[in-house]
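Trainee: PDB, C-alpha atoms and all ligand atoms, saved as upload_34.pdb, coming up:
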ATOM      1  CA  MET A   1      11.702   4.755   7.746  1.00  0.00           C
ATOM      2  CA  LYS A   2       9.394   1.724   8.031  1.00  0.00           C
ATOM      3  CA  LEU A   3       5.870   2.310   6.726  1.00  0.00           C
ATOM      4  CA  ILE A   4       2.869   0.795   8.485  1.00  0.00           C
ATOM      5  CA  SER A   5      -0.295   1.401   6.504  1.00  0.00           C
ATOM      6  CA  ALA A   6      -3.977   0.771   6.963  1.00  0.00           C
ATOM      7  CA  ASN A   7      -6.247  -0.012   4.037  1.00  0.00           C
ATOM      8  CA  TRP A   8      -9.802   0.388   5.293  1.00  0.00           C
ATOM      9  CA  LYS A   9     -11.270  -0.694   1.936  1.00  0.00           C
ATOM     10  CA  MET A  10     -15.029   0.039   1.706  1.00  0.00           C
ATOM     11  CA  ASN A  11     -15.511   0.393   5.452  1.00  0.00           C
ATOM     12  CA  LEU A  12     -16.242   3.209   7.939  1.00  0.00           C
ATOM     13  CA  THR A  13     -18.520   6.150   7.212  1.00  0.00           C
ATOM     14  CA  PRO A  14     -17.188   9.674   7.807  1.00  0.00           C
ATOM     15  CA  SER A  15     -18.604   9.764  11.353  1.00  0.00           C
ATOM     16  CA  GLN A  16     -17.212   6.307  12.127  1.00  0.00           C
ATOM     17  CA  SER A  17     -13.873   7.478  10.775  1.00  0.00           C
ATOM     18  CA  VAL A  18     -13.857  10.400  13.208  1.00  0.00           C
ATOM     19  CA  GLN A  19     -14.581   8.014  16.093  1.00  0.00           C
ATOM     20  CA  TYR A  20     -11.760   5.763  14.881  1.00  0.00           C
ATOM     21  CA  LEU A  21      -9.272   8.634  14.803  1.00  0.00           C
ATOM     22  CA  GLN A  22     -10.299   9.833  18.249  1.00  0.00           C
ATOM     23  CA  LYS A  23      -9.425   6.387  19.601  1.00  0.00           C
ATOM     24  CA  PHE A  24      -6.388   5.706  17.419  1.00  0.00           C
ATOM     25  CA  LEU A  25      -4.374   8.929  17.607  1.00  0.00           C
ATOM     26  CA  PRO A  26      -3.752   8.920  21.383  1.00  0.00           C
ATOM     27  CA  LEU A  27      -2.564   5.308  21.106  1.00  0.00           C
ATOM     28  CA  VAL A  28       0.212   6.203  18.652  1.00  0.00           C
ATOM     29  CA  GLU A  29       1.048   9.678  19.940  1.00  0.00           C
ATOM     30  CA  ASP A  30       4.521   8.660  21.091  1.00  0.00           C
ATOM     31  CA  VAL A  31       5.455   6.791  17.892  1.00  0.00           C
ATOM     32  CA  ARG A  32       8.262   8.663  16.106  1.00  0.00           C
ATOM     33  CA  ASP A  33      10.456   6.047  14.435  1.00  0.00           C
ATOM     34  CA  ARG A  34       8.044   4.739  11.811  1.00  0.00           C
ATOM     35  CA  GLU A  35       5.642   6.257   9.336  1.00  0.00           C
ATOM     36  CA  ILE A  36       1.944   5.593   9.919  1.00  0.00           C
ATOM     37  CA  LEU A  37      -0.410   5.824   6.953  1.00  0.00           C
ATOM     38  CA  LEU A  38      -4.203   5.604   6.928  1.00  0.00           C
ATOM     39  CA  CYS A  39      -6.053   4.963   3.657  1.00  0.00           C
ATOM     40  CA  PRO A  40      -9.767   5.546   4.326  1.00  0.00           C
ATOM     41  CA  PRO A  41     -12.458   5.523   1.636  1.00  0.00           C
ATOM     42  CA  PHE A  42     -12.678   8.724  -0.459  1.00  0.00           C
ATOM     43  CA  THR A  43     -15.742   9.861   1.503  1.00  0.00           C
ATOM     44  CA  SER A  44     -13.754  10.011   4.754  1.00  0.00           C
ATOM     45  CA  LEU A  45     -10.715  11.853   3.402  1.00  0.00           C
ATOM     46  CA  CYS A  46     -12.158  15.275   4.140  1.00  0.00           C
ATOM     47  CA  VAL A  47     -12.893  14.682   7.824  1.00  0.00           C
ATOM     48  CA  ALA A  48      -9.650  12.747   8.256  1.00  0.00           C
ATOM     49  CA  TYR A  49      -7.702  15.616   6.688  1.00  0.00           C
ATOM     50  CA  GLU A  50      -9.136  18.108   9.171  1.00  0.00           C
ATOM     51  CA  ILE A  51      -8.093  15.905  12.079  1.00  0.00           C
ATOM     52  CA  LEU A  52      -4.686  14.816  10.743  1.00  0.00           C
ATOM     53  CA  LYS A  53      -3.559  18.224   9.410  1.00  0.00           C
ATOM     54  CA  ASP A  54      -1.221  18.952  12.292  1.00  0.00           C
ATOM     55  CA  LYS A  55      -0.381  15.311  13.073  1.00  0.00           C
ATOM     56  CA  GLU A  56       2.412  12.970  12.000  1.00  0.00           C
ATOM     57  CA  VAL A  57      -0.015  10.303  10.744  1.00  0.00           C
ATOM     58  CA  LYS A  58      -0.209  10.430   6.936  1.00  0.00           C
ATOM     59  CA  LEU A  59      -3.256  10.207   4.737  1.00  0.00           C
ATOM     60  CA  GLY A  60      -3.530   7.994   1.658  1.00  0.00           C
ATOM     61  CA  ALA A  61      -6.166   7.077  -0.913  1.00  0.00           C
ATOM     62  CA  GLN A  62      -7.106   3.572  -2.050  1.00  0.00           C
ATOM     63  CA  ASN A  63      -7.347   4.420  -5.730  1.00  0.00           C
ATOM     64  CA  CYS A  64      -7.184   7.306  -8.200  1.00  0.00           C
ATOM     65  CA  TYR A  65      -7.760   8.122 -11.847  1.00  0.00           C
ATOM     66  CA  TYR A  66      -4.907   9.171 -14.083  1.00  0.00           C
ATOM     67  CA  GLU A  67      -6.550  12.003 -16.047  1.00  0.00           C
ATOM     68  CA  LYS A  68      -6.194  15.493 -14.592  1.00  0.00           C
ATOM     69  CA  LYS A  69      -9.883  16.493 -14.892  1.00  0.00           C
ATOM     70  CA  GLY A  70     -12.905  16.317 -17.158  1.00  0.00           C
ATOM     71  CA  ALA A  71     -15.752  14.025 -18.162  1.00  0.00           C
ATOM     72  CA  PHE A  72     -14.891  10.929 -16.119  1.00  0.00           C
ATOM     73  CA  THR A  73     -18.028  10.399 -14.069  1.00  0.00           C
ATOM     74  CA  GLY A  74     -17.359   8.829 -10.703  1.00  0.00           C
ATOM     75  CA  GLU A  75     -13.590   9.167 -10.837  1.00  0.00           C
ATOM     76  CA  ILE A  76     -11.215  11.099  -8.540  1.00  0.00           C
ATOM     77  CA  SER A  77      -8.129  12.941  -9.769  1.00  0.00           C
ATOM     78  CA  LEU A  78      -4.784  13.202  -8.055  1.00  0.00           C
ATOM     79  CA  SER A  79      -5.018  16.973  -7.664  1.00  0.00           C
ATOM     80  CA  MET A  80      -8.315  16.484  -5.789  1.00  0.00           C
ATOM     81  CA  LEU A  81      -6.550  14.052  -3.477  1.00  0.00           C
ATOM     82  CA  LYS A  82      -3.534  16.283  -3.026  1.00  0.00           C
ATOM     83  CA  ASP A  83      -5.801  19.149  -2.005  1.00  0.00           C
ATOM     84  CA  LEU A  84      -6.990  16.954   0.870  1.00  0.00           C
ATOM     85  CA  GLY A  85      -3.481  16.299   2.115  1.00  0.00           C
ATOM     86  CA  VAL A  86      -3.174  12.885   0.516  1.00  0.00           C
ATOM     87  CA  SER A  87       0.476  11.929   0.095  1.00  0.00           C
ATOM     88  CA  TYR A  88       0.137   8.248  -0.879  1.00  0.00           C
ATOM     89  CA  VAL A  89      -2.149   6.307  -3.209  1.00  0.00           C
ATOM     90  CA  ILE A  90      -2.571   2.529  -3.302  1.00  0.00           C
ATOM     91  CA  VAL A  91      -2.382   1.480  -6.958  1.00  0.00           C
ATOM     92  CA  GLY A  92      -3.244  -1.909  -8.426  1.00  0.00           C
ATOM     93  CA  HIS A  93      -4.622  -3.536  -5.293  1.00  0.00           C
ATOM     94  CA  SER A  94      -5.663  -7.094  -6.118  1.00  0.00           C
ATOM     95  CA  GLU A  95      -9.307  -6.199  -5.479  1.00  0.00           C
ATOM     96  CA  ARG A  96      -8.991  -3.507  -8.165  1.00  0.00           C
ATOM     97  CA  ARG A  97      -7.320  -5.988 -10.492  1.00  0.00           C
ATOM     98  CA  TRP A  98      -9.630  -8.964  -9.978  1.00  0.00           C
ATOM     99  CA  ILE A  99     -13.010  -7.432  -9.062  1.00  0.00           C
ATOM    100  CA  PHE A 100     -12.844  -4.277 -11.183  1.00  0.00           C
ATOM    101  CA  GLY A 101     -10.727  -5.627 -14.015  1.00  0.00           C
ATOM    102  CA  GLU A 102      -7.853  -3.153 -13.785  1.00  0.00           C
ATOM    103  CA  SER A 103      -5.201  -3.988 -16.357  1.00  0.00           C
ATOM    104  CA  ASP A 104      -1.447  -3.637 -16.058  1.00  0.00           C
ATOM    105  CA  GLU A 105      -1.709  -0.851 -18.623  1.00  0.00           C
ATOM    106  CA  LEU A 106      -4.177   1.128 -16.504  1.00  0.00           C
ATOM    107  CA  ILE A 107      -2.036   0.579 -13.422  1.00  0.00           C
ATOM    108  CA  ASN A 108       0.981   1.896 -15.349  1.00  0.00           C
ATOM    109  CA  LYS A 109      -0.951   5.051 -16.289  1.00  0.00           C
ATOM    110  CA  LYS A 110      -2.009   5.614 -12.692  1.00  0.00           C
ATOM    111  CA  LEU A 111       1.561   5.214 -11.434  1.00  0.00           C
ATOM    112  CA  THR A 112       2.814   7.642 -14.069  1.00  0.00           C
ATOM    113  CA  ALA A 113       0.168  10.190 -13.055  1.00  0.00           C
ATOM    114  CA  CYS A 114       1.076   9.804  -9.350  1.00  0.00           C
ATOM    115  CA  LEU A 115       4.730  10.502 -10.124  1.00  0.00           C
ATOM    116  CA  GLU A 116       3.797  13.577 -12.171  1.00  0.00           C
ATOM    117  CA  GLU A 117       1.620  14.880  -9.337  1.00  0.00           C
ATOM    118  CA  GLY A 118       4.220  14.186  -6.653  1.00  0.00           C
ATOM    119  CA  ILE A 119       2.089  11.661  -4.788  1.00  0.00           C
ATOM    120  CA  ARG A 120       3.918   8.504  -3.712  1.00  0.00           C
ATOM    121  CA  PRO A 121       2.211   5.396  -5.069  1.00  0.00           C
ATOM    122  CA  ILE A 122       2.137   2.051  -3.301  1.00  0.00           C
ATOM    123  CA  LEU A 123       2.057  -0.493  -6.097  1.00  0.00           C
ATOM    124  CA  CYS A 124       0.418  -3.787  -5.077  1.00  0.00           C
ATOM    125  CA  VAL A 125       1.549  -7.052  -6.620  1.00  0.00           C
ATOM    126  CA  GLY A 126       0.984 -10.687  -5.776  1.00  0.00           C
ATOM    127  CA  GLU A 127       0.163 -14.085  -7.157  1.00  0.00           C
ATOM    128  CA  ARG A 128      -3.127 -15.999  -7.039  1.00  0.00           C
ATOM    129  CA  ILE A 129      -3.324 -19.429  -5.430  1.00  0.00           C
ATOM    130  CA  GLU A 130      -3.253 -21.338  -8.721  1.00  0.00           C
ATOM    131  CA  GLU A 131      -0.182 -19.382  -9.773  1.00  0.00           C
ATOM    132  CA  ARG A 132       1.527 -20.145  -6.491  1.00  0.00           C
ATOM    133  CA  GLU A 133       0.701 -23.834  -6.781  1.00  0.00           C
ATOM    134  CA  ALA A 134       2.116 -23.848 -10.315  1.00  0.00           C
ATOM    135  CA  GLY A 135       5.383 -22.386  -8.977  1.00  0.00           C
ATOM    136  CA  LEU A 136       4.831 -19.076 -10.761  1.00  0.00           C
ATOM    137  CA  THR A 137       5.041 -16.670  -7.805  1.00  0.00           C
ATOM    138  CA  PHE A 138       8.281 -14.958  -8.840  1.00  0.00           C
ATOM    139  CA  LYS A 139       7.335 -14.851 -12.499  1.00  0.00           C
ATOM    140  CA  VAL A 140       3.937 -13.273 -11.785  1.00  0.00           C
ATOM    141  CA  VAL A 141       5.414 -10.680  -9.427  1.00  0.00           C
ATOM    142  CA  GLU A 142       8.165  -9.838 -11.909  1.00  0.00           C
ATOM    143  CA  THR A 143       5.724  -9.450 -14.803  1.00  0.00           C
ATOM    144  CA  GLN A 144       3.377  -7.250 -12.767  1.00  0.00           C
ATOM    145  CA  ILE A 145       6.248  -4.977 -11.710  1.00  0.00           C
ATOM    146  CA  ARG A 146       7.819  -4.787 -15.174  1.00  0.00           C
ATOM    147  CA  LEU A 147       4.479  -3.847 -16.773  1.00  0.00           C
ATOM    148  CA  ALA A 148       3.513  -1.419 -14.016  1.00  0.00           C
ATOM    149  CA  LEU A 149       6.859   0.396 -14.274  1.00  0.00           C
ATOM    150  CA  SER A 150       7.104   0.332 -18.043  1.00  0.00           C
ATOM    151  CA  GLY A 151       8.498   3.689 -19.210  1.00  0.00           C
ATOM    152  CA  ILE A 152       8.937   4.983 -15.642  1.00  0.00           C
ATOM    153  CA  GLU A 153      11.781   2.688 -14.574  1.00  0.00           C
ATOM    154  CA  ALA A 154      13.946   5.703 -13.763  1.00  0.00           C
ATOM    155  CA  PHE A 155      11.574   6.579 -10.894  1.00  0.00           C
ATOM    156  CA  THR A 156      11.786   3.367  -8.875  1.00  0.00           C
ATOM    157  CA  ASP A 157      12.924   5.316  -5.817  1.00  0.00           C
ATOM    158  CA  SER A 158       9.699   7.341  -5.816  1.00  0.00           C
ATOM    159  CA  ILE A 159       7.364   4.392  -5.311  1.00  0.00           C
ATOM    160  CA  ASP A 160       6.758   1.806  -2.624  1.00  0.00           C
ATOM    161  CA  ILE A 161       5.637  -1.733  -3.389  1.00  0.00           C
ATOM    162  CA  ALA A 162       3.305  -3.986  -1.413  1.00  0.00           C
ATOM    163  CA  TYR A 163       3.694  -7.719  -1.874  1.00  0.00           C
ATOM    164  CA  GLU A 164       0.228  -9.085  -1.227  1.00  0.00           C
ATOM    165  CA  PRO A 165      -0.346 -12.716  -2.231  1.00  0.00           C
ATOM    166  CA  VAL A 166      -3.989 -12.763  -3.338  1.00  0.00           C
ATOM    167  CA  TRP A 167      -4.705 -16.003  -1.436  1.00  0.00           C
ATOM    168  CA  ALA A 168      -3.509 -14.379   1.796  1.00  0.00           C
ATOM    169  CA  ILE A 169      -5.765 -11.321   1.632  1.00  0.00           C
ATOM    170  CA  GLY A 170      -8.681 -11.414   4.052  1.00  0.00           C
ATOM    171  CA  THR A 171      -8.345 -15.169   4.528  1.00  0.00           C
ATOM    172  CA  GLY A 172      -6.627 -15.420   7.905  1.00  0.00           C
ATOM    173  CA  ASN A 173      -3.983 -17.417   6.067  1.00  0.00           C
ATOM    174  CA  PRO A 174      -0.910 -15.199   5.722  1.00  0.00           C
ATOM    175  CA  ALA A 175       2.255 -16.083   3.844  1.00  0.00           C
ATOM    176  CA  THR A 176       5.030 -17.239   6.138  1.00  0.00           C
ATOM    177  CA  PRO A 177       7.485 -14.470   7.014  1.00  0.00           C
ATOM    178  CA  GLU A 178      10.173 -16.625   5.345  1.00  0.00           C
ATOM    179  CA  ASP A 179       8.241 -16.790   2.061  1.00  0.00           C
ATOM    180  CA  ALA A 180       7.554 -13.062   2.210  1.00  0.00           C
ATOM    181  CA  GLN A 181      11.262 -12.389   2.761  1.00  0.00           C
ATOM    182  CA  LEU A 182      12.166 -14.388  -0.366  1.00  0.00           C
ATOM    183  CA  VAL A 183       9.737 -12.446  -2.540  1.00  0.00           C
ATOM    184  CA  HIS A 184      10.735  -9.098  -1.027  1.00  0.00           C
ATOM    185  CA  ALA A 185      14.419  -9.748  -1.694  1.00  0.00           C
ATOM    186  CA  PHE A 186      13.538 -10.759  -5.247  1.00  0.00           C
ATOM    187  CA  ILE A 187      11.564  -7.516  -5.747  1.00  0.00           C
ATOM    188  CA  LYS A 188      14.471  -5.423  -4.473  1.00  0.00           C
ATOM    189  CA  ASP A 189      16.909  -7.156  -6.824  1.00  0.00           C
ATOM    190  CA  LEU A 190      14.510  -6.591  -9.702  1.00  0.00           C
ATOM    191  CA  LEU A 191      14.400  -2.841  -9.004  1.00  0.00           C
ATOM    192  CA  TYR A 192      18.180  -2.628  -9.464  1.00  0.00           C
ATOM    193  CA  ILE A 193      17.866  -4.545 -12.733  1.00  0.00           C
ATOM    194  CA  LEU A 194      15.119  -2.226 -13.992  1.00  0.00           C
ATOM    195  CA  ASN A 195      16.932   0.905 -12.878  1.00  0.00           C
ATOM    196  CA  PRO A 196      20.712   0.680 -12.553  1.00  0.00           C
ATOM    197  CA  LYS A 197      20.621   4.045 -10.741  1.00  0.00           C
ATOM    198  CA  HIS A 198      18.141   2.772  -8.150  1.00  0.00           C
ATOM    199  CA  GLU A 199      19.112   4.043  -4.687  1.00  0.00           C
ATOM    200  CA  GLY A 200      17.165   1.563  -2.603  1.00  0.00           C
ATOM    201  CA  ARG A 201      14.495   3.994  -1.385  1.00  0.00           C
ATOM    202  CA  THR A 202      11.566   1.763  -2.325  1.00  0.00           C
ATOM    203  CA  ARG A 203      10.005   0.177   0.705  1.00  0.00           C
ATOM    204  CA  VAL A 204       8.597  -3.279   0.148  1.00  0.00           C
ATOM    205  CA  LEU A 205       5.576  -3.862   2.386  1.00  0.00           C
ATOM    206  CA  TYR A 206       3.937  -7.169   3.169  1.00  0.00           C
ATOM    207  CA  GLY A 207       0.135  -7.435   3.102  1.00  0.00           C
ATOM    208  CA  GLY A 208      -2.276 -10.322   3.603  1.00  0.00           C
ATOM    209  CA  SER A 209      -3.863 -11.335   6.931  1.00  0.00           C
ATOM    210  CA  VAL A 210      -1.478  -9.290   9.051  1.00  0.00           C
ATOM    211  CA  ASN A 211      -2.673  -9.077  12.675  1.00  0.00           C
ATOM    212  CA  PRO A 212      -1.263  -7.949  16.033  1.00  0.00           C
ATOM    213  CA  GLN A 213       0.082 -11.455  16.678  1.00  0.00           C
ATOM    214  CA  ASN A 214       2.023 -11.989  13.456  1.00  0.00           C
ATOM    215  CA  ALA A 215       3.079  -8.405  12.562  1.00  0.00           C
ATOM    216  CA  SER A 216       6.382  -8.507  14.442  1.00  0.00           C
ATOM    217  CA  HIS A 217       7.374 -11.782  12.728  1.00  0.00           C
ATOM    218  CA  PHE A 218       7.101 -10.105   9.343  1.00  0.00           C
ATOM    219  CA  MET A 219       8.844  -6.965  10.527  1.00  0.00           C
ATOM    220  CA  ALA A 220      11.750  -9.054  11.822  1.00  0.00           C
ATOM    221  CA  LYS A 221      12.653 -10.024   8.255  1.00  0.00           C
ATOM    222  CA  ARG A 222      15.436  -8.077   6.608  1.00  0.00           C
ATOM    223  CA  ASP A 223      13.581  -7.008   3.478  1.00  0.00           C
ATOM    224  CA  VAL A 224      10.168  -6.347   5.007  1.00  0.00           C
ATOM    225  CA  ASP A 225      10.077  -2.548   5.223  1.00  0.00           C
ATOM    226  CA  GLY A 226       6.504  -2.229   6.383  1.00  0.00           C
ATOM    227  CA  LEU A 227       2.995  -3.612   6.278  1.00  0.00           C
ATOM    228  CA  LEU A 228      -0.266  -3.001   4.448  1.00  0.00           C
ATOM    229  CA  VAL A 229      -3.069  -4.041   6.761  1.00  0.00           C
ATOM    230  CA  GLY A 230      -6.711  -4.532   5.772  1.00  0.00           C
ATOM    231  CA  GLY A 231      -9.135  -6.228   8.172  1.00  0.00           C
ATOM    232  CA  ALA A 232      -7.083  -5.763  11.335  1.00  0.00           C
ATOM    233  CA  SER A 233      -6.681  -2.042  10.646  1.00  0.00           C
ATOM    234  CA  LEU A 234     -10.417  -1.456  11.162  1.00  0.00           C
ATOM    235  CA  ASP A 235      -9.994  -1.820  14.907  1.00  0.00           C
ATOM    236  CA  PRO A 236      -7.988   1.188  16.164  1.00  0.00           C
ATOM    237  CA  GLU A 237      -6.577  -0.774  19.089  1.00  0.00           C
ATOM    238  CA  ALA A 238      -5.483  -3.701  16.923  1.00  0.00           C
ATOM    239  CA  PHE A 239      -3.905  -1.389  14.362  1.00  0.00           C
ATOM    240  CA  ALA A 240      -2.090   0.594  17.070  1.00  0.00           C
ATOM    241  CA  LYS A 241      -0.721  -2.719  18.379  1.00  0.00           C
ATOM    242  CA  ILE A 242       0.519  -3.584  14.882  1.00  0.00           C
ATOM    243  CA  VAL A 243       2.151  -0.160  14.555  1.00  0.00           C
ATOM    244  CA  LYS A 244       3.975  -0.676  17.835  1.00  0.00           C
ATOM    245  CA  SER A 245       4.656  -4.380  17.477  1.00  0.00           C
ATOM    246  CA  PHE A 246       8.337  -4.297  16.608  1.00  0.00           C
TER     247      PHE A 246
HETATM  248  P1  LIG B 301      -6.114  -8.094   4.921  1.00  0.00           P
HETATM  249  O1  LIG B 301      -6.021  -7.168   3.612  1.00  0.00           O
HETATM  250  O2  LIG B 301      -5.157  -7.530   5.931  1.00  0.00           O
HETATM  251  O3  LIG B 301      -7.549  -7.995   5.357  1.00  0.00           O
HETATM  252  O4  LIG B 301      -5.734  -9.468   4.510  1.00  0.00           O
HETATM  253  C1  LIG B 301      -4.791  -6.633   3.182  1.00  0.00           C
HETATM  254  C2  LIG B 301      -5.006  -5.799   1.941  1.00  0.00           C
HETATM  255  O5  LIG B 301      -5.853  -6.180   1.101  1.00  0.00           O
HETATM  256  O6  LIG B 301      -4.356  -4.757   1.743  1.00  0.00           O
END
Can you dump the structure from the file as structure tokens?
Ligand code: PGA

Mentor:
Amino acid sequence: MKLISANWKMNLTPSQSVQYLQKFLPLVEDVRDREILLCPPFTSLCVAYEILKDKEVKLGAQNCYYEKKGAFTGEISLSMLKDLGVSYVIVGHSERRWIFGESDELINKKLTACLEEGIRPILCVGERIEEREAGLTFKVVETQIRLALSGIEAFTDSIDIAYEPVWAIGTGNPATPEDAQLVHAFIKDLLYILNPKHEGRTRVLYGGSVNPQNASHFMAKRDVDGLLVGGASLDPEAFAKIVKSF
């Protein structure tokens, strides 16, 4: 099933999140043929869980730590997230990589921990503008995926991947659907190379300046299995339009 996900980033307090859900849920009540995922900040997970418990809309987290528990001040474990009904975690978002210095090694540990805990990770990959201009898009994406999946290649079917070109995030300048399709097809081929037993269950999402106007153009592409939406997901009406746009 296609996966349309919202990444709220560091936006919306718990009370604003409740208001959001009150507006959003009636708008998508009749949606059955696609999976809808909301990834609020950690502080809103609790209230969102209470509201979403008996709903089809899924709850995700934007980050996690890989250790099970202990002296890791400020970090959140996967069992804590699971207890709040979280079924997906975004791992390796470019803001984590480039603002908070997350390494491929750390991302690999987080993915491994997600698989152990039975939470489905959404691995984010994507090239920066200078890499794109140097013709390195495919190489960068391949390296990020190979390093992220190192040692866990047998579990490709248990993760989803978001292709998010860094230069397209929050800029209003998305990739073209044609360019996204090329990278998505490349990622899918790579998964079969990494895991000869791969069954094709990984959904490859596009992210980067998706809005209600362009969403359907991405979704029309063969290898675009969903979207990861930042800015436009903060408006419940805009996000509902994206969810229903194809
Ligand atoms: P954007 O962000 O939709 O605001 O470009 C996407 C993301 O960072 O996941």

Trainee: Apply the PyMOL selection byres (((chain A and resi 127) around 6) and not hetatm) to the file shown and report the selected residues as a VMD selection string.

Mentor: chain A and resid 126 128 131 137 165 to 166

Trainee: Which chain A residues have any atom within 8 Å of an atom of ligand LIG 301 (chain B), and for each, what is the nearest pair of atoms with distance in Å to one decimal, counting all atoms listed in the file, rows sorted by chain and number, as a Markdown table?

Mentor:
| residue | atom | partner | partner_atom | distance |
| --- | --- | --- | --- | --- |
| A:Ala6 | CA | B:LIG301 | O6 | 7.6 |
| A:Asn7 | CA | B:LIG301 | O6 | 5.6 |
| A:Lys9 | CA | B:LIG301 | O5 | 7.8 |
| A:His93 | CA | B:LIG301 | O5 | 7.0 |
| A:Ser94 | CA | B:LIG301 | O5 | 7.3 |
| A:Glu95 | CA | B:LIG301 | O5 | 7.4 |
| A:Glu164 | CA | B:LIG301 | C2 | 6.9 |
| A:Ala168 | CA | B:LIG301 | O4 | 6.0 |
| A:Ile169 | CA | B:LIG301 | O4 | 3.4 |
| A:Gly170 | CA | B:LIG301 | O4 | 3.6 |
| A:Thr171 | CA | B:LIG301 | O4 | 6.3 |
| A:Gly172 | CA | B:LIG301 | O4 | 6.9 |
| A:Pro174 | CA | B:LIG301 | O4 | 7.6 |
| A:Gly207 | CA | B:LIG301 | C1 | 5.0 |
| A:Gly208 | CA | B:LIG301 | O4 | 3.7 |
| A:Ser209 | CA | B:LIG301 | O4 | 3.6 |
| A:Val210 | CA | B:LIG301 | O2 | 5.1 |
| A:Asn211 | CA | B:LIG301 | O2 | 7.4 |
| A:Leu228 | CA | B:LIG301 | O6 | 5.2 |
| A:Val229 | CA | B:LIG301 | O2 | 4.1 |
| A:Gly230 | CA | B:LIG301 | O2 | 3.4 |
| A:Gly231 | CA | B:LIG301 | O3 | 3.7 |
| A:Ala232 | CA | B:LIG301 | O2 | 6.0 |
| A:Ser233 | CA | B:LIG301 | O2 | 7.4 |

Trainee: What do you get, as JSON, numbers by chain, if you spell out every residue that the PyMOL selection byres (((chain A and resi 235-246) around 12) and not hetatm) selects here?

Mentor: {"A": [2, 3, 4, 5, 6, 7, 8, 11, 12, 16, 17, 18, 19, 20, 21, 22, 23, 24, 25, 26, 27, 28, 29, 30, 31, 32, 33, 34, 35, 36, 37, 38, 57, 209, 210, 211, 212, 213, 214, 215, 216, 217, 218, 219, 220, 221, 224, 225, 226, 227, 228, 229, 230, 231, 232, 233, 234]}

Trainee: Taking into account all atoms listed in the file, which residue in the set A:Phe138, A:Phe42, A:Tyr65, A:Tyr163 is nearest to A:Val125?

Mentor: A:Tyr163

Trainee: Quick one: which residues end up in the PyMOL selection byres (((chain A and resi 150) around 12) and not hetatm) for this structure, as a list in words?

Mentor: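 Here the PyMOL selection byres (((chain A and resi 150) around 12) and not hetatm) matches Asp104, Glu105, Leu106, Ile107, Asn108, Lys109, Lys110, Leu111, Thr112, Glu142, Thr143, Gln144, Ile145, Arg146, Leu147, Ala148, Leu149, Gly151, Ile152, Glu153, Ala154, Phe155, Thr156, Leu194 and Asn195 of chain A.
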
Trainee: So which one's closest to A:Ile129, A:Cys64, A:Met10, A:Met80, A:Ala175? Using all atoms listed in the file, please.

Mentor: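 Checking each of A:Cys64, A:Met10, A:Met80, A:Ala175 against A:Ile129, counting all atoms listed in the file, the winner is A:Ala175.
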
Trainee: Could you please determine the separation between atom CA of A:Tyr88 and atom CA of A:Gly60 in Å, to one decimal place?

Mentor: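 According to the coordinates, atom CA of A:Tyr88 and atom CA of A:Gly60 are separated by 4.5 Å.
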
Trainee: Which is closest to A:Asp189 among A:Ile51, A:Glu130, A:Val204, A:Cys114, if we use only C-alpha atoms?

Mentor: A:Val204

Trainee: I'd like the neighbourhood of A:Asp157 as a PyMOL selection string, where a residue qualifies if any of its atoms comes within 12 Å (using only C-alpha atoms), though same-chain residues fewer than 4 positions away should be ignored.

Mentor: chain A and resi 115+120-122+149+152-153+161+188+191-192+194-204

Trainee: Given all atoms listed in the file as the basis, pick out the residue of A:Tyr66, A:Arg222, A:Asn173, A:Val141 nearest to A:Phe186.

Mentor: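 Smallest separation from A:Phe186 among the options: A:Val141.
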
Trainee: Can you pull out every residue within 7 Å of stretch 44-48 of chain A, counting all atoms listed in the file, but drop anything in the same chain fewer than 4 positions away, and send it as an NGL selection string?

Mentor: :A and (13-14 or 17-18 or 40 or 52 or 84)

Trainee: Could those selected residues go to a file with C-alpha atoms, as a short mmCIF file (atom, residue, chain, number, x, y, z; two decimals), in the frame of the given file?

Mentor:
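Contents of selection_14.cif, as written:
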data_model
loop_
_atom_site.label_atom_id
_atom_site.label_comp_id
_atom_site.auth_asym_id
_atom_site.auth_seq_id
_atom_site.Cartn_x
_atom_site.Cartn_y
_atom_site.Cartn_z
CA THR A 13 -18.52 6.15 7.21
CA PRO A 14 -17.19 9.67 7.81
CA SER A 17 -13.87 7.48 10.78
CA VAL A 18 -13.86 10.40 13.21
CA PRO A 40 -9.77 5.55 4.33
CA LEU A 52 -4.69 14.82 10.74
CA LEU A 84 -6.99 16.95 0.87
#

Trainee: Hey, which of A:Asp160, A:Leu205, A:Thr176, A:Ser87 ends up closest to A:Gly118? Count all atoms listed in the file.

Mentor: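 Checking each candidate against A:Gly118, we get A:Ser87 as the closest.
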
Trainee: Expressed in Å to a single decimal, how great is the separation between atom CA of A:Phe100 and atom CA of A:Gly70?

Mentor: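 Going from atom CA of A:Phe100 over to atom CA of A:Gly70, I get 21.4 Å.
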
Trainee: Could you tell me how far atom CA of A:Ser79 sits from atom CA of A:Asp54, in Å to one decimal place?

Mentor: 20.4 Å

Trainee: Could you check which of A:Ala134, A:Cys39, A:Glu117, A:Asn63 is closest to A:Glu102, using all atoms listed in the file?

Mentor: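 The answer is A:Asn63, which sits nearest to A:Glu102.
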